[in-house]
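Engineer: This is the structure I want to talk about, given as structure tokens.
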Amino acid sequence: MQRLLLFITIFMLTNTFAQKITKEEAINYAEKLHEVEILSENGKNHFVNTLNNHLVTHPDFEIEKQLLYKYLEECFEKTFLYRTGTFEMMKVQDELSKKYLGENVNQENYKKLREEFEKIKEDFYKNWEGLKIEEAIVSDESYEGKISFTGSVGDYDDENMIESLVVGKRYKVDIDFFDRKLGEETLQKLTKDLIHKNRSAFGKTFSKTMEDLFQIGLITEEVYNKFLEVKPKIKERTERMSLLYVKKIIEDIEGFDDENKEQIKFIKELYEARLLEKSSMEKLSIYKEKKLKSDEEILSHSKQVKIFDENDFSADNIQEGYQQIFEELKQIIPGFDFSDLKISFEKEKDVKVKRVEIQIEFKSNNTTYKLQDFYDYLKEGEKLEFKISSELNSVINKYLRDVNSTKRLHQMSGYKYSKHTFLYLNKKQRTIWEKEGEYSGFFKMNFTFDNQFSTAEIEKIIKKLKKKKFFKHLTKEEYQEGLKNIDYSFINSIEELLLKFPKTIVGFDWESENLENPYEELALDFGEASRGVFKPKNIKDTFEETLFKKEKTLFSFEFEDKVYLENLVMQGDWLHRDFLYLIIKAISENGHDGKIYTIGEPDQYQNFIFLNEKQYEFLKESFPELYLKEFK
């Protein structure tokens, strides 16, 4: 034992961040993990046996030190599932699903399932051995959690249909270290005591676990101190989560030198692209400690960037907040002069939880620019609070396009991130940032850099389309609806423009969401989009009654005093192409001028348009990028 302690002491002093350790060193660590009551006797033996029997085949073979962190993480994860009774609750789910959600799936049965499940769960936790282990553990200062089963037994979707339960898959843990040949019962039994009974898996020993890892030399003082820095920010304070943070800290430290060189190169590229001034580049290229600069830190030095935090604005005064944002954006967009900024909202009616759309409007150069975007969901009694629209850059980009600017306003924000970064970039600058930026994936690339669809050009295109009778089938109200949609959108292509008008383009997914009468629905849609050419009557669609029961389904309709029918092959919820061939056949046989064309490359979701010969020639010549192809 003295020899072991001497070895550990020497190892702590000489080994800083060696990525590889010997088999003997790994086994010594396993012994220490047992001594400080992190690994149980069984957990230690399992690790050692795995090293001897599976992972190491040569006495001088070195293993990744990270393997120890990985093993501990997996042990804590499995122990967490055991002590919450997750495996047992999944078995209950399975049995209740078979009992209540067989062929007769309905809300009443689902309600019974939920009620019985809650009763079983309540009784289960009164005597569950895993819970008793956690209750016996003395908590350190960090523990704030509750012990409970973390699963659910399904929910209703918007159509009030019950989600199918994939029991056992949702919580199946991918554990690389454990023998894949172990059966589930053996693995569950093994899981019970891999972690010591005096060590929590729910965060009761969150701080102690990290301190113990430091004391036995598994993590260095530098890693431990950095962990203490980030510790207050960790929301999910479980032992497993602390290990994930430690692994990330070590990776950052070990990879700093290479990543530092790459970041300095990136900063220089931003300077060469005129996104940074020389003084900013020089300042950002100095690293006082082993810590990379964040994207936000780099961007804050650019005069072409504005960063806004929603938390810095008054929650109650939305108009005032947007006024402030627009005023500050003027500082990075030369010549941007706006007036009459108006913020309004359109709320859904007659529903408890209302979908709210924000409408942003301002004037510049005698032109009114508008945007409509999803804002929030609002429950009864709730008030709207200040948020930054994720499409805010679009309305300003409409202005930039009209003044023939070579730059566009980019908007960047992360998931559930209160900060919004606005970057005024040309195409080259965007390419550099997109290539290297950590959060480049959060760019709202909802625009083009060309000025083909400026406000004036869109008006000209609409006039030409109207002259070619693209909208002759629309009522005055429907036509005005299309113009309003365009007014509140950023149009990038002729396809987007046409989509703003009702009854003009038919788009659908070949894997249909409509499991009742998809062929009937689409026949009517194509009828409306044909501008009066295709008028089907007495449509029959047996899709719902044949779904998963028969090999074929009937689709028929009357057109020009003839009956057209087809027994379409059933492919689950996937539609058969022959339904569209039948419509095309009916139009062609009766000598009508017009064909159905696909737009763009073939895909699961496809847009279709009905065109006569003159309309087709016009689009083909004026907008070849539309890529029209006759469906046949």
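Ordered as shown in the structure tokens, chains take letters A, B, and onward, while each chain numbers its residues from 1 and ligands are numbered from 1 in the order shown.
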As a PyMOL selection string, which residues of region 246-330 of chain A does DSSP assign to strand (DSSP E)?

Structural biologist: chain A and resi 305-309

Engineer: Name all residues at most 6 Å from region 396-402 of chain A (count only C-alpha atoms; drop same-chain ones fewer than 6 positions away) and give them as a ChimeraX atom specification.

Structural biologist: /A:408,451,454

Engineer: Smallest atom-to-atom distance to Ser279 (chain A): which of A:Thr238, A:Gln480, A:Ser302, A:Gln359, using only C-alpha atoms?

Structural biologist: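 Ranked by minimum distance to Ser279 (chain A), first place goes to A:Ser302.
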
Engineer: To one decimal place, how far is CA of Lys535 (chain A) from CA of Lys467 (chain A) in Å?

Structural biologist: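 A separation of 23.5 Å between them.
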
Engineer: From the options A:Leu101, A:Leu498, A:Leu384, A:Val138, which residue's atoms come nearest to Asp316 (chain A), counting only C-alpha atoms?

Structural biologist: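 Among the listed residues, the smallest separation from Asp316 (chain A) belongs to A:Leu384.
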
Engineer: Counting only C-alpha atoms, which of A:Asn366, A:Glu229, A:Glu31, A:Met241 gets nearest to Thr209 (chain A)?

Structural biologist: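 For Thr209 (chain A), the nearest of the candidates is A:Met241.
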
Engineer: Tell me, as number ranges by chain, which residues lie within 12 Å of Asn225 (chain A), counting only C-alpha atoms; anything in the same chain fewer than 6 positions away does not count.

Structural biologist: A: 210-211, 214, 219, 231, 246, 249-250

Engineer: Measure the distance from CA of Ile596 (chain A) to CA of Ile584 (chain A) in Å and round it to one decimal.

Structural biologist: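 CA of Ile584 (chain A) lies 7.2 Å from CA of Ile596 (chain A).
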
Engineer: Using only C-alpha atoms, can you tell me which of A:Tyr29, A:Phe490, A:Phe206, A:Tyr479 comes closest to Leu392 (chain A)?

Structural biologist: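 For Leu392 (chain A), the nearest of the candidates is A:Phe490.
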